[in-house]
Amino acid sequence: MNQIDISIITPCYNSGEYLPEAIESVRTYNGKYNYEIVLIDDGSTDEFTLNVLKNYQNSPDIVVIRQVNSGAATARNAACRIAKGEFLLFLDSDNKIFLEYIDLGIEFLSKNPDFGVFYGKPKFFGDGSRDSYEVSKFDIDKLLTGNYIDVCAVVRKEAWISVGGFDSNFRNFEDYDLWLSLAEKGWKFHFLDKELYQYRIVKTSKLGSGKQIFFNETARQIRTKHYDLWLSRFIEMKHQNDKMRKSPEMRIGKFLLVPLRNIRKFMLKK
């Protein structure tokens, strides 16, 4: 059997309506790398979804495993543990990838061993009534203000192992927590400014007050877990700000602004 280069990790919970599109977006790949799809059924109860999953049971390129419904973090971890690839590509069951994502991700990470994550831009499709989001170059200070990197990324399995995988204590924001954990471990992130996957926007109702409280509580848990990272960046930014304020350039700038301030005071008096 050929060596597996990359494992496509796809959790599924009652999403059989979209799953075939996700699978086929991978199956049309005909590049030089070998892949496997690890499909984890997170306790689906929908009859249609169960039938779709059954159809993949004996597929040579797909490994199907099942668990009691435990959430995406636990599902992805279960799939990653049996994954044979050196690299992992996280593909949710309602999204799709462009084929070059596999080649570009593997080639970059293979040449840059200090990088743990390779990610690109999404192409949004589906319901247009919901806002999309912007993905950009990695910036730890920006990441600390909120997650802007989707889980659909190519991750070095060694990096995933180094942080113990996804934290199953989180039923939401588990990908955000993973990025922060990897950054704390010193793994680097590479962003390619190119559409590499398709993100389906599904129409959903607005968050009720109960759900909003739940999300706020999860956010607080993440801030508590990564408190040292937040603190270290705050200290570094304060240091840089103090250094800039004492620089000759800043002092010269303040000197040059004195006449303008005097003019402004004069105008305000009139």
# chains A, B, ... in the order shown; residues from 1 in each chain; ligands from 1
>>> residues_around(residues="A:Leu180", least_positions_apart="5", cutoff="12 Å", atoms="only C-alpha atoms", output="ChimeraX atom specification")
/A:117,138-149,160,163,165-167,173-175,185-189,222-223,225-230
>>> residues_around(residues="A:Val154", least_positions_apart="5", cutoff="7 Å", atoms="only C-alpha atoms", output="short mmCIF file (atom, residue, chain, number, x, y, z; two decimals) with C-alpha atoms, in the first residue's frame")
data_model
loop_
_atom_site.label_atom_id
_atom_site.label_comp_id
_atom_site.auth_asym_id
_atom_site.auth_seq_id
_atom_site.Cartn_x
_atom_site.Cartn_y
_atom_site.Cartn_z
CA PHE A 87 -0.01 16.29 7.39
CA LEU A 88 -3.65 16.88 8.31
CA LEU A 89 -6.21 18.88 6.36
CA PHE A 90 -9.33 19.73 8.35
CA GLY A 105 0.20 22.91 1.80
CA VAL A 117 0.10 25.58 9.85
CA PHE A 118 -0.54 26.51 6.23
CA TYR A 119 -3.81 28.27 5.39
#
>>> select_by_dssp(residues="stretch 45-229 of chain A", states="strand (DSSP E)", output="VMD selection string")
chain A and resid 62 to 67 87 to 90 96 to 97 115 to 126 154 to 156 188 to 201
>>> write_last_selection(atoms="N, CA and C atoms", output="short mmCIF file (atom, residue, chain, number, x, y, z; two decimals), in the first residue's frame")
data_model
loop_
_atom_site.label_atom_id
_atom_site.label_comp_id
_atom_site.auth_asym_id
_atom_site.auth_seq_id
_atom_site.Cartn_x
_atom_site.Cartn_y
_atom_site.Cartn_z
N ILE A 62 -11.42 5.89 2.03
CA ILE A 62 -12.08 6.49 3.19
C ILE A 62 -12.06 5.53 4.38
N VAL A 63 -11.69 6.07 5.52
CA VAL A 63 -11.80 5.33 6.78
C VAL A 63 -12.96 5.94 7.55
N VAL A 64 -13.96 5.13 7.88
CA VAL A 64 -15.13 5.62 8.60
C VAL A 64 -15.08 5.11 10.04
N ILE A 65 -15.15 6.03 10.98
CA ILE A 65 -15.22 5.64 12.39
C ILE A 65 -16.41 6.35 13.02
N ARG A 66 -16.86 5.82 14.13
CA ARG A 66 -18.05 6.37 14.78
C ARG A 66 -17.80 6.57 16.27
N GLN A 67 -18.52 7.54 16.84
CA GLN A 67 -18.45 7.76 18.27
C GLN A 67 -19.78 8.30 18.75
N PHE A 87 0.70 15.02 7.36
CA PHE A 87 -0.01 16.29 7.39
C PHE A 87 -1.51 16.03 7.50
N LEU A 88 -2.21 16.97 8.12
CA LEU A 88 -3.65 16.88 8.31
C LEU A 88 -4.32 18.06 7.62
N LEU A 89 -5.42 17.80 6.94
CA LEU A 89 -6.21 18.88 6.36
C LEU A 89 -7.61 18.76 6.93
N PHE A 90 -8.02 19.77 7.69
CA PHE A 90 -9.33 19.73 8.35
C PHE A 90 -10.39 20.28 7.41
N LYS A 96 -15.85 22.57 0.97
CA LYS A 96 -15.14 21.90 -0.13
C LYS A 96 -13.75 22.51 -0.26
N ILE A 97 -12.83 21.75 -0.85
CA ILE A 97 -11.49 22.30 -1.06
C ILE A 97 -11.20 22.40 -2.56
N PHE A 115 7.36 25.61 10.54
CA PHE A 115 5.97 26.02 10.36
C PHE A 115 5.05 24.84 10.65
N GLY A 116 3.99 25.11 11.40
CA GLY A 116 3.05 24.06 11.74
C GLY A 116 1.72 24.15 11.01
N VAL A 117 1.41 25.35 10.46
CA VAL A 117 0.10 25.58 9.85
C VAL A 117 0.25 26.33 8.54
N PHE A 118 -0.46 25.85 7.53
CA PHE A 118 -0.54 26.51 6.23
C PHE A 118 -2.01 26.75 5.94
N TYR A 119 -2.40 27.99 5.64
CA TYR A 119 -3.81 28.27 5.39
C TYR A 119 -3.97 29.30 4.29
N GLY A 120 -5.14 29.29 3.66
CA GLY A 120 -5.44 30.21 2.57
C GLY A 120 -6.76 30.92 2.79
N LYS A 121 -7.25 31.53 1.74
CA LYS A 121 -8.51 32.28 1.80
C LYS A 121 -9.68 31.39 1.41
N PRO A 122 -10.86 31.66 1.95
CA PRO A 122 -12.06 30.93 1.55
C PRO A 122 -12.78 31.60 0.40
N LYS A 123 -13.48 30.82 -0.37
CA LYS A 123 -14.45 31.35 -1.32
C LYS A 123 -15.81 31.02 -0.74
N PHE A 124 -16.58 32.04 -0.43
CA PHE A 124 -17.86 31.82 0.23
C PHE A 124 -18.95 31.49 -0.78
N PHE A 125 -19.82 30.58 -0.39
CA PHE A 125 -20.97 30.24 -1.22
C PHE A 125 -22.11 29.81 -0.31
N GLY A 126 -23.30 29.67 -0.88
CA GLY A 126 -24.45 29.29 -0.08
C GLY A 126 -25.34 30.47 0.20
N VAL A 154 -4.06 23.24 6.53
CA VAL A 154 -3.16 22.09 6.51
C VAL A 154 -2.25 22.22 7.72
N VAL A 155 -2.25 21.21 8.57
CA VAL A 155 -1.51 21.24 9.83
C VAL A 155 -0.54 20.07 9.90
N ARG A 156 0.67 20.34 10.30
CA ARG A 156 1.65 19.28 10.50
C ARG A 156 1.18 18.42 11.68
N LYS A 188 5.08 28.23 13.69
CA LYS A 188 4.79 29.35 12.82
C LYS A 188 3.62 29.04 11.89
N PHE A 189 2.95 30.10 11.41
CA PHE A 189 1.80 29.99 10.52
C PHE A 189 2.15 30.67 9.20
N HIS A 190 1.74 30.04 8.09
CA HIS A 190 1.95 30.67 6.78
C HIS A 190 0.61 30.86 6.08
N PHE A 191 0.37 32.11 5.64
CA PHE A 191 -0.86 32.43 4.93
C PHE A 191 -0.56 32.66 3.45
N LEU A 192 -1.33 32.01 2.59
CA LEU A 192 -1.24 32.25 1.15
C LEU A 192 -2.48 33.01 0.73
N ASP A 193 -2.28 34.18 0.16
CA ASP A 193 -3.39 35.06 -0.21
C ASP A 193 -4.04 34.55 -1.50
N LYS A 194 -4.73 33.43 -1.37
CA LYS A 194 -5.35 32.78 -2.52
C LYS A 194 -6.52 31.93 -2.04
N GLU A 195 -7.60 31.89 -2.82
CA GLU A 195 -8.75 31.06 -2.44
C GLU A 195 -8.39 29.59 -2.60
N LEU A 196 -8.39 28.87 -1.49
CA LEU A 196 -7.98 27.47 -1.50
C LEU A 196 -9.08 26.51 -1.02
N TYR A 197 -10.16 27.06 -0.49
CA TYR A 197 -11.28 26.20 -0.09
C TYR A 197 -12.58 26.98 -0.21
N GLN A 198 -13.67 26.24 -0.22
CA GLN A 198 -14.99 26.84 -0.33
C GLN A 198 -15.73 26.68 0.99
N TYR A 199 -16.15 27.80 1.52
CA TYR A 199 -16.82 27.83 2.82
C TYR A 199 -18.31 28.06 2.60
N ARG A 200 -19.10 27.09 3.01
CA ARG A 200 -20.55 27.19 2.83
C ARG A 200 -21.17 28.01 3.96
N ILE A 201 -21.88 29.05 3.60
CA ILE A 201 -22.62 29.84 4.59
C ILE A 201 -24.05 29.32 4.63
#
>>> atom_distance(atom1="atom CA of A:Asn58", atom2="atom CA of A:Ile8")
16.9 Å
>>> residues_around(residues="stretch 74-85 of chain A", least_positions_apart="5", cutoff="7 Å", atoms="only C-alpha atoms", output="PDB file with N, CA, C and O atoms, in the first residue's frame")
ATOM      1  N   ILE A   4       0.733   7.176   2.943  1.00  0.00           N
ATOM      2  CA  ILE A   4      -0.206   8.288   2.985  1.00  0.00           C
ATOM      3  C   ILE A   4       0.546   9.565   3.338  1.00  0.00           C
ATOM      4  O   ILE A   4       1.257   9.622   4.348  1.00  0.00           O
ATOM      5  N   ASP A   5       0.411  10.585   2.514  1.00  0.00           N
ATOM      6  CA  ASP A   5       1.072  11.862   2.767  1.00  0.00           C
ATOM      7  C   ASP A   5       0.210  12.806   3.598  1.00  0.00           C
ATOM      8  O   ASP A   5       0.714  13.521   4.461  1.00  0.00           O
ATOM      9  N   ILE A   6      -1.080  12.808   3.316  1.00  0.00           N
ATOM     10  CA  ILE A   6      -1.971  13.736   4.006  1.00  0.00           C
ATOM     11  C   ILE A   6      -3.298  13.071   4.318  1.00  0.00           C
ATOM     12  O   ILE A   6      -3.832  12.295   3.512  1.00  0.00           O
ATOM     13  N   SER A   7      -3.806  13.341   5.511  1.00  0.00           N
ATOM     14  CA  SER A   7      -5.095  12.798   5.941  1.00  0.00           C
ATOM     15  C   SER A   7      -6.119  13.927   5.986  1.00  0.00           C
ATOM     16  O   SER A   7      -5.890  14.951   6.644  1.00  0.00           O
ATOM     17  N   ILE A   9      -9.344  15.229   7.409  1.00  0.00           N
ATOM     18  CA  ILE A   9     -10.108  14.956   8.625  1.00  0.00           C
ATOM     19  C   ILE A   9     -11.478  15.617   8.519  1.00  0.00           C
ATOM     20  O   ILE A   9     -11.594  16.841   8.486  1.00  0.00           O
ATOM     21  N   PRO A  11     -15.247  15.574  10.252  1.00  0.00           N
ATOM     22  CA  PRO A  11     -16.294  15.150  11.186  1.00  0.00           C
ATOM     23  C   PRO A  11     -17.670  15.361  10.563  1.00  0.00           C
ATOM     24  O   PRO A  11     -17.853  16.263   9.747  1.00  0.00           O
ATOM     25  N   VAL A  38     -10.403  10.548   6.493  1.00  0.00           N
ATOM     26  CA  VAL A  38     -10.848   9.941   7.752  1.00  0.00           C
ATOM     27  C   VAL A  38     -12.153  10.623   8.128  1.00  0.00           C
ATOM     28  O   VAL A  38     -12.182  11.798   8.498  1.00  0.00           O
ATOM     29  N   ILE A  40     -15.361  10.849  10.418  1.00  0.00           N
ATOM     30  CA  ILE A  40     -15.799  10.498  11.763  1.00  0.00           C
ATOM     31  C   ILE A  40     -17.255  10.907  11.977  1.00  0.00           C
ATOM     32  O   ILE A  40     -17.605  12.078  11.877  1.00  0.00           O
ATOM     33  N   ASP A  42     -20.002  11.701  14.273  1.00  0.00           N
ATOM     34  CA  ASP A  42     -20.114  12.147  15.659  1.00  0.00           C
ATOM     35  C   ASP A  42     -21.514  11.894  16.202  1.00  0.00           C
ATOM     36  O   ASP A  42     -22.215  12.801  16.642  1.00  0.00           O
ATOM     37  N   GLY A 165      -3.519  18.001  20.653  1.00  0.00           N
ATOM     38  CA  GLY A 165      -4.697  18.050  19.793  1.00  0.00           C
ATOM     39  C   GLY A 165      -5.672  19.138  20.207  1.00  0.00           C
ATOM     40  O   GLY A 165      -5.329  20.086  20.915  1.00  0.00           O
ATOM     41  N   PHE A 166      -6.896  18.994  19.750  1.00  0.00           N
ATOM     42  CA  PHE A 166      -7.953  19.942  20.128  1.00  0.00           C
ATOM     43  C   PHE A 166      -8.335  19.714  21.590  1.00  0.00           C
ATOM     44  O   PHE A 166      -8.325  18.582  22.080  1.00  0.00           O
ATOM     45  N   SER A 168     -10.898  19.107  24.096  1.00  0.00           N
ATOM     46  CA  SER A 168     -12.279  18.626  24.066  1.00  0.00           C
ATOM     47  C   SER A 168     -13.169  19.295  25.106  1.00  0.00           C
ATOM     48  O   SER A 168     -14.385  19.047  25.141  1.00  0.00           O
TER      49      SER A 168
END
>>> atom_distance(atom1="atom CA of A:Phe170", atom2="atom CA of A:Thr218")
7.1 Å
>>> atom_distance(atom1="atom CA of A:Gly43", atom2="atom CA of A:Ser15")
11.2 Å
>>> closest_residue(among="A:Gln3, A:Asn112, A:Asn69, A:Asn14", to="A:Leu50", atoms="only C-alpha atoms")
A:Asn14
>>> closest_residue(among="A:Trp179, A:Ala72, A:Ser25, A:Phe48", to="A:Cys12", atoms="only C-alpha atoms")
A:Ala72
>>> decode(residues="stretch 66-82 of chain A", atoms="C-alpha atoms", output="tab-separated table (two decimals), in the first residue's frame")
chain	number	residue	atom	x	y	z
A	66	ARG	CA	-18.05	6.37	14.78
A	67	GLN	CA	-18.45	7.76	18.27
A	68	VAL	CA	-21.16	8.88	20.64
A	69	ASN	CA	-21.96	12.54	19.99
A	70	SER	CA	-19.17	14.43	21.75
A	71	GLY	CA	-18.52	17.51	19.64
A	72	ALA	CA	-16.20	18.49	16.83
A	73	ALA	CA	-13.03	18.69	18.96
A	74	THR	CA	-13.35	15.12	20.22
A	75	ALA	CA	-14.37	13.89	16.75
A	76	ARG	CA	-11.36	15.48	15.05
A	77	ASN	CA	-9.03	14.13	17.73
A	78	ALA	CA	-10.35	10.59	17.23
A	79	ALA	CA	-9.76	10.88	13.49
A	80	CYS	CA	-6.29	12.43	13.90
A	81	ARG	CA	-5.15	9.66	16.22
A	82	ILE	CA	-5.62	7.02	13.53
